[in-house]
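Participant: Just so it is clear, I am handing over query-v6.pdb, which has PDB, C-alpha atoms.
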```
ATOM      1  CA  MET B  19       1.783  87.459 -36.827  1.00  0.00           C
ATOM      2  CA  ASN B  20       0.752  87.868 -33.191  1.00  0.00           C
ATOM      3  CA  ARG B  21      -1.341  90.857 -32.240  1.00  0.00           C
ATOM      4  CA  PRO B  22      -0.092  93.250 -29.519  1.00  0.00           C
ATOM      5  CA  LEU B  23      -1.406  92.298 -26.112  1.00  0.00           C
ATOM      6  CA  PRO B  24      -4.283  94.398 -24.774  1.00  0.00           C
ATOM      7  CA  PRO B  25      -3.635  96.712 -21.818  1.00  0.00           C
ATOM      8  CA  PHE B  26      -4.175  95.379 -18.301  1.00  0.00           C
ATOM      9  CA  PRO B  27      -6.016  95.481 -16.049  1.00  0.00           C
ATOM     10  CA  ARG B  28      -9.290  94.974 -17.857  1.00  0.00           C
ATOM     11  CA  PRO B  29     -12.484  93.187 -16.812  1.00  0.00           C
ATOM     12  CA  ILE B  30     -12.872  89.428 -17.170  1.00  0.00           C
ATOM     13  CA  PRO B  31     -15.110  88.935 -20.256  1.00  0.00           C
ATOM     14  CA  ALA B  32     -18.535  87.544 -19.447  1.00  0.00           C
ATOM     15  CA  ASP B  33     -18.113  84.796 -22.074  1.00  0.00           C
ATOM     16  CA  GLN B  34     -14.755  83.588 -20.704  1.00  0.00           C
ATOM     17  CA  VAL B  35     -14.642  80.141 -19.140  1.00  0.00           C
ATOM     18  CA  HIS B  36     -14.498  79.932 -15.351  1.00  0.00           C
ATOM     19  CA  VAL B  37     -11.806  77.370 -14.655  1.00  0.00           C
ATOM     20  CA  GLY B  38     -12.262  74.668 -12.049  1.00  0.00           C
ATOM     21  CA  TYR B  39     -10.452  76.329  -9.157  1.00  0.00           C
ATOM     22  CA  VAL B  40     -13.028  79.158  -8.985  1.00  0.00           C
ATOM     23  CA  ARG B  41     -15.574  78.320  -6.295  1.00  0.00           C
ATOM     24  CA  PRO B  42     -19.210  79.069  -7.164  1.00  0.00           C
ATOM     25  CA  ALA B  43     -20.848  81.945  -5.356  1.00  0.00           C
ATOM     26  CA  PRO B  44     -23.414  81.078  -2.659  1.00  0.00           C
ATOM     27  CA  GLY B  45     -26.647  79.915  -4.241  1.00  0.00           C
ATOM     28  CA  GLN B  46     -25.035  79.177  -7.611  1.00  0.00           C
ATOM     29  CA  GLY B  47     -24.591  75.447  -7.069  1.00  0.00           C
ATOM     30  CA  GLU B  48     -21.532  73.248  -6.768  1.00  0.00           C
ATOM     31  CA  LEU B  49     -18.735  72.467  -9.164  1.00  0.00           C
ATOM     32  CA  ALA B  50     -19.737  69.797 -11.651  1.00  0.00           C
ATOM     33  CA  PRO B  51     -18.282  66.320 -10.969  1.00  0.00           C
ATOM     34  CA  ARG B  52     -15.647  65.019 -13.342  1.00  0.00           C
ATOM     35  CA  PRO B  53     -17.061  62.586 -15.893  1.00  0.00           C
ATOM     36  CA  THR B  54     -15.890  59.012 -16.174  1.00  0.00           C
ATOM     37  CA  LEU B  55     -13.566  58.230 -19.065  1.00  0.00           C
ATOM     38  CA  VAL B  56     -16.318  56.553 -21.109  1.00  0.00           C
ATOM     39  CA  GLU B  57     -18.766  59.432 -20.417  1.00  0.00           C
ATOM     40  CA  SER B  58     -16.167  61.944 -21.583  1.00  0.00           C
ATOM     41  CA  TYR B  59     -15.778  60.045 -24.856  1.00  0.00           C
ATOM     42  CA  ARG B  60     -19.531  59.760 -25.427  1.00  0.00           C
ATOM     43  CA  LEU B  61     -20.503  63.300 -24.482  1.00  0.00           C
ATOM     44  CA  GLY B  62     -17.458  65.398 -25.369  1.00  0.00           C
ATOM     45  CA  ASN B  63     -17.180  67.685 -28.385  1.00  0.00           C
ATOM     46  CA  LEU B  64     -14.774  66.710 -31.146  1.00  0.00           C
ATOM     47  CA  ARG B  65     -12.640  68.528 -33.701  1.00  0.00           C
ATOM     48  CA  VAL B  66     -11.095  66.862 -36.746  1.00  0.00           C
ATOM     49  CA  TRP B  67      -8.581  68.444 -39.116  1.00  0.00           C
ATOM     50  CA  SER B  68      -8.249  67.476 -42.771  1.00  0.00           C
ATOM     51  CA  ASP B  69      -5.015  66.961 -44.708  1.00  0.00           C
ATOM     52  CA  ALA B  70      -5.406  70.533 -45.967  1.00  0.00           C
ATOM     53  CA  GLY B  71      -5.478  71.891 -42.409  1.00  0.00           C
ATOM     54  CA  GLN B  72      -9.196  72.713 -42.406  1.00  0.00           C
ATOM     55  CA  ALA B  73     -11.192  71.624 -39.370  1.00  0.00           C
ATOM     56  CA  VAL B  74     -14.766  70.803 -38.467  1.00  0.00           C
ATOM     57  CA  ASP B  75     -16.396  70.461 -35.059  1.00  0.00           C
ATOM     58  CA  LEU B  76     -18.570  67.452 -34.257  1.00  0.00           C
ATOM     59  CA  LEU B  77     -21.105  67.898 -31.485  1.00  0.00           C
ATOM     60  CA  PRO B  78     -22.458  64.477 -30.524  1.00  0.00           C
ATOM     61  CA  ARG B  79     -26.025  64.012 -29.382  1.00  0.00           C
ATOM     62  CA  VAL B  80     -26.598  60.723 -27.577  1.00  0.00           C
ATOM     63  CA  GLU B  81     -29.677  58.817 -28.738  1.00  0.00           C
ATOM     64  CA  THR B  82     -31.330  55.772 -27.193  1.00  0.00           C
ATOM     65  CA  GLU B  83     -30.933  53.701 -30.379  1.00  0.00           C
ATOM     66  CA  PRO B  84     -27.965  53.513 -32.785  1.00  0.00           C
ATOM     67  CA  ASN B  85     -29.712  54.603 -35.971  1.00  0.00           C
ATOM     68  CA  LEU B  86     -32.523  56.956 -34.993  1.00  0.00           C
ATOM     69  CA  PRO B  87     -33.052  59.895 -37.377  1.00  0.00           C
ATOM     70  CA  MET B  88     -31.684  63.192 -36.113  1.00  0.00           C
ATOM     71  CA  THR B  89     -34.159  65.306 -34.192  1.00  0.00           C
ATOM     72  CA  GLU B  90     -34.851  68.988 -34.738  1.00  0.00           C
ATOM     73  CA  PRO B  91     -32.257  71.251 -33.109  1.00  0.00           C
ATOM     74  CA  SER B  92     -33.143  72.604 -29.707  1.00  0.00           C
ATOM     75  CA  PRO B  93     -32.780  76.336 -28.963  1.00  0.00           C
ATOM     76  CA  SER B  94     -29.381  75.650 -27.412  1.00  0.00           C
ATOM     77  CA  THR B  95     -28.147  74.109 -30.683  1.00  0.00           C
ATOM     78  CA  ALA B  96     -29.855  76.484 -33.098  1.00  0.00           C
ATOM     79  CA  GLU B  97     -26.496  77.700 -34.435  1.00  0.00           C
ATOM     80  CA  LEU B  98     -25.442  74.208 -35.518  1.00  0.00           C
ATOM     81  CA  VAL B  99     -25.429  73.244 -39.152  1.00  0.00           C
ATOM     82  CA  GLU B 100     -27.509  70.088 -39.508  1.00  0.00           C
ATOM     83  CA  ALA B 101     -25.810  67.592 -41.813  1.00  0.00           C
ATOM     84  CA  PRO B 102     -25.562  63.836 -42.298  1.00  0.00           C
ATOM     85  CA  SER B 103     -23.094  62.252 -39.909  1.00  0.00           C
ATOM     86  CA  ARG B 104     -20.512  61.514 -42.597  1.00  0.00           C
ATOM     87  CA  PRO B 105     -16.802  62.141 -41.954  1.00  0.00           C
ATOM     88  CA  THR B 106     -16.705  64.700 -44.790  1.00  0.00           C
ATOM     89  CA  ALA B 107     -18.767  65.744 -47.778  1.00  0.00           C
ATOM     90  CA  GLU B 108     -15.991  64.448 -50.046  1.00  0.00           C
ATOM     91  CA  PRO B 109     -15.278  60.770 -50.772  1.00  0.00           C
ATOM     92  CA  VAL B 110     -13.318  59.328 -47.852  1.00  0.00           C
ATOM     93  CA  GLU B 111     -12.256  55.946 -46.617  1.00  0.00           C
ATOM     94  CA  ALA B 112     -14.705  55.622 -43.745  1.00  0.00           C
ATOM     95  CA  PRO B 113     -14.571  54.982 -40.906  1.00  0.00           C
ATOM     96  CA  ILE B 114     -12.350  57.528 -39.213  1.00  0.00           C
ATOM     97  CA  HIS B 115     -11.019  56.415 -35.834  1.00  0.00           C
ATOM     98  CA  LEU B 116     -10.402  59.156 -33.269  1.00  0.00           C
ATOM     99  CA  VAL B 117      -7.637  58.184 -30.877  1.00  0.00           C
ATOM    100  CA  PHE B 118      -6.452  59.971 -27.748  1.00  0.00           C
ATOM    101  CA  PRO B 119      -3.716  59.121 -25.230  1.00  0.00           C
ATOM    102  CA  ALA B 120      -4.632  56.700 -22.472  1.00  0.00           C
ATOM    103  CA  ASN B 121      -5.353  59.042 -19.587  1.00  0.00           C
ATOM    104  CA  THR B 122      -7.205  59.763 -16.377  1.00  0.00           C
ATOM    105  CA  LEU B 123      -8.588  63.123 -17.506  1.00  0.00           C
ATOM    106  CA  SER B 124      -5.584  65.073 -16.263  1.00  0.00           C
ATOM    107  CA  PRO B 125      -4.684  66.874 -19.501  1.00  0.00           C
ATOM    108  CA  CYS B 126      -2.766  69.709 -17.822  1.00  0.00           C
ATOM    109  CA  SER B 127       0.018  67.393 -16.690  1.00  0.00           C
ATOM    110  CA  ASP B 128       3.434  66.972 -18.294  1.00  0.00           C
ATOM    111  CA  LYS B 129       2.751  63.225 -18.342  1.00  0.00           C
ATOM    112  CA  GLU B 130      -0.245  63.833 -20.603  1.00  0.00           C
ATOM    113  CA  ALA B 131       1.855  65.884 -23.025  1.00  0.00           C
ATOM    114  CA  GLU B 132       4.442  63.105 -23.178  1.00  0.00           C
ATOM    115  CA  ALA B 133       1.689  60.528 -23.822  1.00  0.00           C
ATOM    116  CA  HIS B 134       0.331  62.596 -26.710  1.00  0.00           C
ATOM    117  CA  GLN B 135       3.772  62.937 -28.272  1.00  0.00           C
ATOM    118  CA  TRP B 136       4.331  59.192 -27.924  1.00  0.00           C
ATOM    119  CA  LEU B 137       0.951  58.509 -29.557  1.00  0.00           C
ATOM    120  CA  ARG B 138       1.870  60.638 -32.584  1.00  0.00           C
ATOM    121  CA  THR B 139       5.279  58.988 -32.821  1.00  0.00           C
ATOM    122  CA  VAL B 140       3.820  55.471 -32.845  1.00  0.00           C
ATOM    123  CA  VAL B 141       1.195  56.386 -35.449  1.00  0.00           C
ATOM    124  CA  GLU B 142       3.799  58.040 -37.693  1.00  0.00           C
ATOM    125  CA  ASN B 143       6.182  55.071 -37.385  1.00  0.00           C
ATOM    126  CA  ARG B 144       3.398  52.682 -38.427  1.00  0.00           C
ATOM    127  CA  GLY B 145       2.820  54.651 -41.632  1.00  0.00           C
ATOM    128  CA  VAL B 146      -0.821  55.278 -40.740  1.00  0.00           C
ATOM    129  CA  ASP B 147      -2.772  58.034 -42.531  1.00  0.00           C
ATOM    130  CA  TRP B 148      -3.628  60.507 -39.779  1.00  0.00           C
ATOM    131  CA  THR B 149      -4.445  64.152 -39.075  1.00  0.00           C
ATOM    132  CA  PRO B 150      -4.762  66.066 -35.791  1.00  0.00           C
ATOM    133  CA  ALA B 151      -7.919  65.789 -33.695  1.00  0.00           C
ATOM    134  CA  ALA B 152      -9.122  67.087 -30.351  1.00  0.00           C
ATOM    135  CA  ARG B 153     -11.882  66.472 -27.850  1.00  0.00           C
ATOM    136  CA  TRP B 154     -13.144  68.723 -25.088  1.00  0.00           C
ATOM    137  CA  SER B 155     -16.004  69.133 -22.655  1.00  0.00           C
ATOM    138  CA  PRO B 156     -18.856  71.491 -23.610  1.00  0.00           C
ATOM    139  CA  SER B 157     -18.073  73.442 -20.424  1.00  0.00           C
ATOM    140  CA  LEU B 158     -14.366  73.710 -21.379  1.00  0.00           C
ATOM    141  CA  ASP B 159     -13.333  72.057 -18.107  1.00  0.00           C
ATOM    142  CA  TRP B 160     -10.884  69.851 -19.990  1.00  0.00           C
ATOM    143  CA  ALA B 161      -9.497  69.370 -23.477  1.00  0.00           C
ATOM    144  CA  GLN B 162      -7.205  66.821 -25.052  1.00  0.00           C
ATOM    145  CA  PRO B 163      -5.350  66.605 -28.385  1.00  0.00           C
ATOM    146  CA  GLY B 164      -5.276  63.361 -30.340  1.00  0.00           C
ATOM    147  CA  VAL B 165      -5.226  61.951 -33.870  1.00  0.00           C
ATOM    148  CA  ALA B 166      -7.820  61.030 -36.494  1.00  0.00           C
ATOM    149  CA  ILE B 167      -6.836  57.807 -38.268  1.00  0.00           C
ATOM    150  CA  ARG B 168      -8.117  56.928 -41.731  1.00  0.00           C
ATOM    151  CA  GLY B 169      -7.949  53.735 -43.753  1.00  0.00           C
ATOM    152  CA  LEU B 170      -7.911  51.119 -40.961  1.00  0.00           C
ATOM    153  CA  ASP B 171     -10.582  48.451 -40.621  1.00  0.00           C
ATOM    154  CA  GLU B 172     -11.910  47.362 -37.226  1.00  0.00           C
ATOM    155  CA  ASP B 173      -9.412  44.524 -36.730  1.00  0.00           C
ATOM    156  CA  ALA B 174      -6.400  46.668 -37.655  1.00  0.00           C
ATOM    157  CA  MET B 175      -7.597  49.432 -35.352  1.00  0.00           C
ATOM    158  CA  LEU B 176      -8.025  46.969 -32.479  1.00  0.00           C
ATOM    159  CA  LEU B 177      -4.437  45.762 -32.909  1.00  0.00           C
ATOM    160  CA  LEU B 178      -3.172  49.355 -32.922  1.00  0.00           C
ATOM    161  CA  ALA B 179      -5.247  50.137 -29.812  1.00  0.00           C
ATOM    162  CA  VAL B 180      -3.674  47.189 -27.982  1.00  0.00           C
ATOM    163  CA  GLU B 181      -0.207  48.447 -28.941  1.00  0.00           C
ATOM    164  CA  LEU B 182      -1.104  51.946 -27.704  1.00  0.00           C
ATOM    165  CA  GLY B 183      -2.609  50.622 -24.466  1.00  0.00           C
ATOM    166  CA  LEU B 184      -6.006  52.203 -25.167  1.00  0.00           C
ATOM    167  CA  ASP B 185      -9.110  51.235 -23.204  1.00  0.00           C
ATOM    168  CA  VAL B 186     -11.444  53.145 -25.539  1.00  0.00           C
ATOM    169  CA  TRP B 187     -11.382  55.099 -28.789  1.00  0.00           C
ATOM    170  CA  LEU B 188     -13.982  56.567 -31.140  1.00  0.00           C
ATOM    171  CA  ARG B 189     -15.265  55.466 -34.544  1.00  0.00           C
ATOM    172  CA  TRP B 190     -16.866  58.058 -36.839  1.00  0.00           C
ATOM    173  CA  ASP B 191     -18.898  56.708 -39.746  1.00  0.00           C
ATOM    174  CA  ASP B 192     -22.313  57.077 -41.404  1.00  0.00           C
ATOM    175  CA  CYS B 193     -24.101  56.110 -38.169  1.00  0.00           C
ATOM    176  CA  GLY B 194     -22.405  58.835 -36.130  1.00  0.00           C
ATOM    177  CA  VAL B 195     -19.747  58.600 -33.421  1.00  0.00           C
ATOM    178  CA  ARG B 196     -19.469  55.419 -31.372  1.00  0.00           C
ATOM    179  CA  VAL B 197     -17.248  54.425 -28.448  1.00  0.00           C
ATOM    180  CA  ARG B 198     -15.151  51.397 -29.394  1.00  0.00           C
ATOM    181  CA  SER B 199     -13.252  49.135 -27.035  1.00  0.00           C
ATOM    182  CA  GLY B 200     -11.744  45.713 -26.683  1.00  0.00           C
ATOM    183  CA  ASP B 201     -14.059  45.345 -23.680  1.00  0.00           C
ATOM    184  CA  GLU B 202     -17.207  43.587 -24.923  1.00  0.00           C
ATOM    185  CA  THR B 203     -19.336  45.369 -22.297  1.00  0.00           C
ATOM    186  CA  LEU B 204     -18.584  48.677 -24.072  1.00  0.00           C
ATOM    187  CA  ALA B 205     -18.547  47.422 -27.647  1.00  0.00           C
ATOM    188  CA  TRP B 206     -22.212  48.080 -28.406  1.00  0.00           C
ATOM    189  CA  LEU B 207     -22.933  51.378 -26.714  1.00  0.00           C
ATOM    190  CA  PRO B 208     -25.396  53.438 -28.811  1.00  0.00           C
ATOM    191  CA  ALA B 209     -23.876  55.684 -31.440  1.00  0.00           C
ATOM    192  CA  ALA B 210     -24.135  59.437 -30.986  1.00  0.00           C
ATOM    193  CA  ARG B 211     -25.553  61.290 -33.985  1.00  0.00           C
ATOM    194  CA  VAL B 212     -23.514  64.398 -34.646  1.00  0.00           C
ATOM    195  CA  SER B 213     -24.114  67.927 -35.834  1.00  0.00           C
ATOM    196  CA  LEU B 214     -21.326  69.593 -37.769  1.00  0.00           C
ATOM    197  CA  ARG B 215     -20.293  73.129 -36.907  1.00  0.00           C
ATOM    198  CA  GLU B 216     -17.854  75.446 -38.602  1.00  0.00           C
ATOM    199  CA  VAL B 217     -14.830  76.007 -36.391  1.00  0.00           C
ATOM    200  CA  ARG B 218     -14.594  79.375 -34.665  1.00  0.00           C
ATOM    201  CA  PRO B 219     -10.806  79.904 -34.685  1.00  0.00           C
ATOM    202  CA  GLY B 220     -10.596  82.606 -32.013  1.00  0.00           C
ATOM    203  CA  CYS B 221      -9.811  82.286 -28.304  1.00  0.00           C
ATOM    204  CA  PRO B 222     -10.663  78.801 -26.959  1.00  0.00           C
ATOM    205  CA  LEU B 223     -11.240  80.204 -23.463  1.00  0.00           C
ATOM    206  CA  ARG B 224     -14.043  82.295 -25.009  1.00  0.00           C
ATOM    207  CA  SER B 225     -15.542  79.589 -27.237  1.00  0.00           C
ATOM    208  CA  GLY B 226     -13.796  80.911 -30.337  1.00  0.00           C
ATOM    209  CA  VAL B 227     -14.517  84.644 -29.982  1.00  0.00           C
ATOM    210  CA  ASP B 228     -12.029  86.744 -31.980  1.00  0.00           C
ATOM    211  CA  ASP B 229     -10.664  88.643 -28.995  1.00  0.00           C
ATOM    212  CA  PHE B 230      -8.218  88.171 -26.141  1.00  0.00           C
ATOM    213  CA  CYS B 231      -9.017  86.408 -22.887  1.00  0.00           C
ATOM    214  CA  THR B 232      -8.109  88.030 -19.560  1.00  0.00           C
ATOM    215  CA  PRO B 233      -5.935  86.305 -16.938  1.00  0.00           C
ATOM    216  CA  TRP B 234      -7.223  85.333 -13.561  1.00  0.00           C
ATOM    217  CA  GLY B 235      -5.169  86.165 -10.490  1.00  0.00           C
ATOM    218  CA  GLY B 236      -2.042  88.251 -10.210  1.00  0.00           C
ATOM    219  CA  PRO B 237       0.992  88.977  -8.001  1.00  0.00           C
ATOM    220  CA  TRP B 238      -0.852  90.410  -4.981  1.00  0.00           C
ATOM    221  CA  THR B 239      -1.511  87.560  -2.526  1.00  0.00           C
ATOM    222  CA  GLY B 240      -0.871  83.851  -2.179  1.00  0.00           C
ATOM    223  CA  GLN B 241      -4.346  83.048  -3.451  1.00  0.00           C
ATOM    224  CA  SER B 242      -4.076  85.385  -6.434  1.00  0.00           C
ATOM    225  CA  ARG B 243      -0.699  83.897  -7.370  1.00  0.00           C
ATOM    226  CA  ALA B 244      -2.152  80.382  -7.156  1.00  0.00           C
ATOM    227  CA  ALA B 245      -5.079  81.483  -9.327  1.00  0.00           C
ATOM    228  CA  TRP B 246      -2.619  82.856 -11.896  1.00  0.00           C
ATOM    229  CA  VAL B 247      -0.717  79.541 -12.060  1.00  0.00           C
ATOM    230  CA  MET B 248      -3.923  77.497 -12.391  1.00  0.00           C
ATOM    231  CA  TRP B 249      -5.295  79.827 -15.067  1.00  0.00           C
ATOM    232  CA  GLN B 250      -2.061  79.524 -17.062  1.00  0.00           C
ATOM    233  CA  ARG B 251      -2.271  75.722 -16.921  1.00  0.00           C
ATOM    234  CA  HIS B 252      -5.898  75.767 -18.062  1.00  0.00           C
ATOM    235  CA  ARG B 253      -5.133  78.169 -20.905  1.00  0.00           C
ATOM    236  CA  ARG B 254      -2.206  76.016 -22.042  1.00  0.00           C
ATOM    237  CA  MET B 255      -4.449  72.932 -22.033  1.00  0.00           C
ATOM    238  CA  LEU B 256      -7.116  74.551 -24.249  1.00  0.00           C
ATOM    239  CA  VAL B 257      -4.666  76.252 -26.615  1.00  0.00           C
ATOM    240  CA  THR B 258      -2.653  73.029 -27.037  1.00  0.00           C
ATOM    241  CA  ALA B 259      -5.754  71.036 -27.967  1.00  0.00           C
ATOM    242  CA  LEU B 260      -7.798  73.600 -29.914  1.00  0.00           C
ATOM    243  CA  GLY B 261      -5.351  76.304 -30.988  1.00  0.00           C
ATOM    244  CA  CYS B 262      -5.924  80.050 -30.745  1.00  0.00           C
ATOM    245  CA  GLY B 263      -6.239  82.424 -33.691  1.00  0.00           C
ATOM    246  CA  VAL B 264      -5.852  85.468 -31.443  1.00  0.00           C
ATOM    247  CA  CYS B 265      -2.611  85.062 -29.471  1.00  0.00           C
ATOM    248  CA  HIS B 266      -1.431  81.808 -31.115  1.00  0.00           C
ATOM    249  CA  GLY B 267      -0.321  80.587 -27.709  1.00  0.00           C
ATOM    250  CA  GLY B 268       1.934  83.573 -27.054  1.00  0.00           C
ATOM    251  CA  GLU B 269       2.894  84.792 -23.606  1.00  0.00           C
ATOM    252  CA  VAL B 270       0.287  86.544 -21.475  1.00  0.00           C
ATOM    253  CA  HIS B 271       1.597  88.817 -18.714  1.00  0.00           C
ATOM    254  CA  GLN B 272       0.220  89.159 -15.208  1.00  0.00           C
ATOM    255  CA  ARG B 273      -1.624  92.294 -14.276  1.00  0.00           C
ATOM    256  CA  SER B 274       0.716  94.766 -12.621  1.00  0.00           C
ATOM    257  CA  ILE B 275       0.646  95.490  -8.904  1.00  0.00           C
ATOM    258  CA  GLY B 276       0.309  99.218  -9.509  1.00  0.00           C
TER
END
```
Could I get this structure in the form of structure tokens?
Facilitator:
Amino acid sequence: MNRPLPPFPRPIPADQVHVGYVRPAPGQGELAPRPTLVESYRLGNLRVWSDAGQAVDLLPRVETEPNLPMTEPSPSTAELVEAPSRPTAEPVEAPIHLVFPANTLSPCSDKEAEAHQWLRTVVENRGVDWTPAARWSPSLDWAQPGVAIRGLDEDAMLLLAVELGLDVWLRWDDCGVRVRSGDETLAWLPAARVSLREVRPGCPLRSGVDDFCTPWGGPWTGQSRAAWVMWQRHRRMLVTALGCGVCHGGEVHQRSIG
């Protein structure tokens, strides 16, 4: 059951993501450049759901060699639960392949939503064992839903990738998370060791905090109306990929003019 919406106006929470249309203040640097597709696969965070609907977050850490032992957590990752890079603690048919729609990192578009639906349809029609998955940038600039495929060997996965028109996908096994591709120049990129983190099921715009986010913009000027539209698109993108245990994707109203 959805909670009642909080009263507006209220301040923007300090932990809420600043979406890409907000220009940095003077002296606070420039907007970060968009990553390449391969960089987004290697450096993005991942979420994998089980058949029972439980989820775990994978936070990859790129190493210089495929099988280096995991290093001690830095202060920025002190909250992570260090664990072997296995798909689950239970017996599982490794590897797990993480597949996302072929895209140009434009996950807010209707075309992206159609591509994701088509991906799920193809996987279901092939009788493949799959569960939902998602990937997103640590800065929450973008997020994308996908599927986690179990029980396919490398050759079978390559054939499916060709059918889906994929340039790259991810393989999660005992060595960590590795970018896979039919392109031989990408086939042996180093694996990323992963730390496993319990999912925080709250607001994705606030990194899982169990409280509402606050809309940007409003009905006052042309710029505020544009900010409102862009904020809504960004919220929809994150909620679609990661879910929200606070509003469950329900409607959020603009702040009133009065």
Participant: I'd like to know which of B:Pro78, B:Gly194, B:Pro163, B:Pro31 is closest to B:Cys231, using all atoms listed in the file.
Facilitator: B:Pro31
Participant: Quick check on the file I pasted: which residues fall under the PyMOL selection byres ((chain B and resi 56) around 10)? Write them as a list in words.
Facilitator: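 Output of the PyMOL selection byres ((chain B and resi 56) around 10): Pro53, Thr54, Leu55, Glu57, Ser58, Tyr59, Arg60, Leu61, Gly62, Asp185, Val186, Trp187, Val197, Arg198, Ser199 and Leu204 of chain B.
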Participant: Could you write out that same residue set with C-alpha atoms as an mmCIF file, in the frame of the given file?
Facilitator:
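This went into again20.cif:
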```
data_model
loop_
_atom_site.group_PDB
_atom_site.id
_atom_site.type_symbol
_atom_site.label_atom_id
_atom_site.label_comp_id
_atom_site.auth_asym_id
_atom_site.auth_seq_id
_atom_site.Cartn_x
_atom_site.Cartn_y
_atom_site.Cartn_z
ATOM 1 C CA PRO B 53 -17.061 62.586 -15.893
ATOM 2 C CA THR B 54 -15.890 59.012 -16.174
ATOM 3 C CA LEU B 55 -13.566 58.230 -19.065
ATOM 4 C CA GLU B 57 -18.766 59.432 -20.417
ATOM 5 C CA SER B 58 -16.167 61.944 -21.583
ATOM 6 C CA TYR B 59 -15.778 60.045 -24.856
ATOM 7 C CA ARG B 60 -19.531 59.760 -25.427
ATOM 8 C CA LEU B 61 -20.503 63.300 -24.482
ATOM 9 C CA GLY B 62 -17.458 65.398 -25.369
ATOM 10 C CA ASP B 185 -9.110 51.235 -23.204
ATOM 11 C CA VAL B 186 -11.444 53.145 -25.539
ATOM 12 C CA TRP B 187 -11.382 55.099 -28.789
ATOM 13 C CA VAL B 197 -17.248 54.425 -28.448
ATOM 14 C CA ARG B 198 -15.151 51.397 -29.394
ATOM 15 C CA SER B 199 -13.252 49.135 -27.035
ATOM 16 C CA LEU B 204 -18.584 48.677 -24.072
#
```
Participant: Just give me the gap between atom CA of B:Gly236 and atom CA of B:Trp160 in Å, one decimal is fine.
Facilitator: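 Pair atom CA of B:Gly236 / atom CA of B:Trp160 returns 22.6 Å.
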Participant: List the residues selected by the PyMOL selection byres ((chain B and resi 148) around 12) in the file shown, writing them as a ChimeraX atom specification.
Facilitator: /B:66-71,111,114-117,137-147,149-151,164-170
Participant: Given the file above and the PyMOL selection byres ((chain B and resi 221) around 7), which residues are selected, and can you give them as a list of chain:residue names?
Facilitator: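 Evaluating the PyMOL selection byres ((chain B and resi 221) around 7) on these coordinates yields B:Pro219, B:Gly220, B:Pro222, B:Leu223, B:Arg224, B:Ser225, B:Gly226, B:Val227, B:Asp228, B:Asp229, B:Phe230, B:Cys231, B:Cys262, B:Gly263, B:Val264.
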Participant: List the spatial neighbours of B:Thr258 as a list in words - criterion: any atom at most 9 Å away, all atoms listed in the file, same-chain residues fewer than 6 positions off excluded.
Facilitator: Ala161, Gln162, Pro163 and Gly267 of chain B
Participant: One decimal, Å: what's the distance from atom CA of B:Leu177 over to atom CA of B:Cys193, could you say?
Facilitator: 22.8 Å
Participant: What does the distance between atom CA of B:Arg65 and atom CA of B:Ala259 come to in Å, to one decimal place?
Facilitator: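 Atom CA of B:Arg65 sits 9.3 Å away from atom CA of B:Ala259.
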Participant: Report the centre and edge lengths, in Å to one decimal, of an axis-aligned box enclosing every atom of stretch 140-151 of chain B listed in the file, padded by 3 Å on each side, as JSON.
Facilitator:
```
{"center_x": -0.9, "center_y": 59.4, "center_z": -37.7, "size_x": 20.1, "size_y": 19.4, "size_z": 15.7}
```
Participant: Kindly indicate which residue among B:Ala133, B:Ala209, B:Ile30, B:Leu77 lies nearest to B:Gly235, using only C-alpha atoms for the distances.
Facilitator: B:Ile30
Participant: Have a look at B:Ala179, B:Val35, B:Leu188, B:Ala131 and name the one nearest to B:Leu64; count only C-alpha atoms.
Facilitator: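 Closest residue, counting only C-alpha atoms: B:Leu188.
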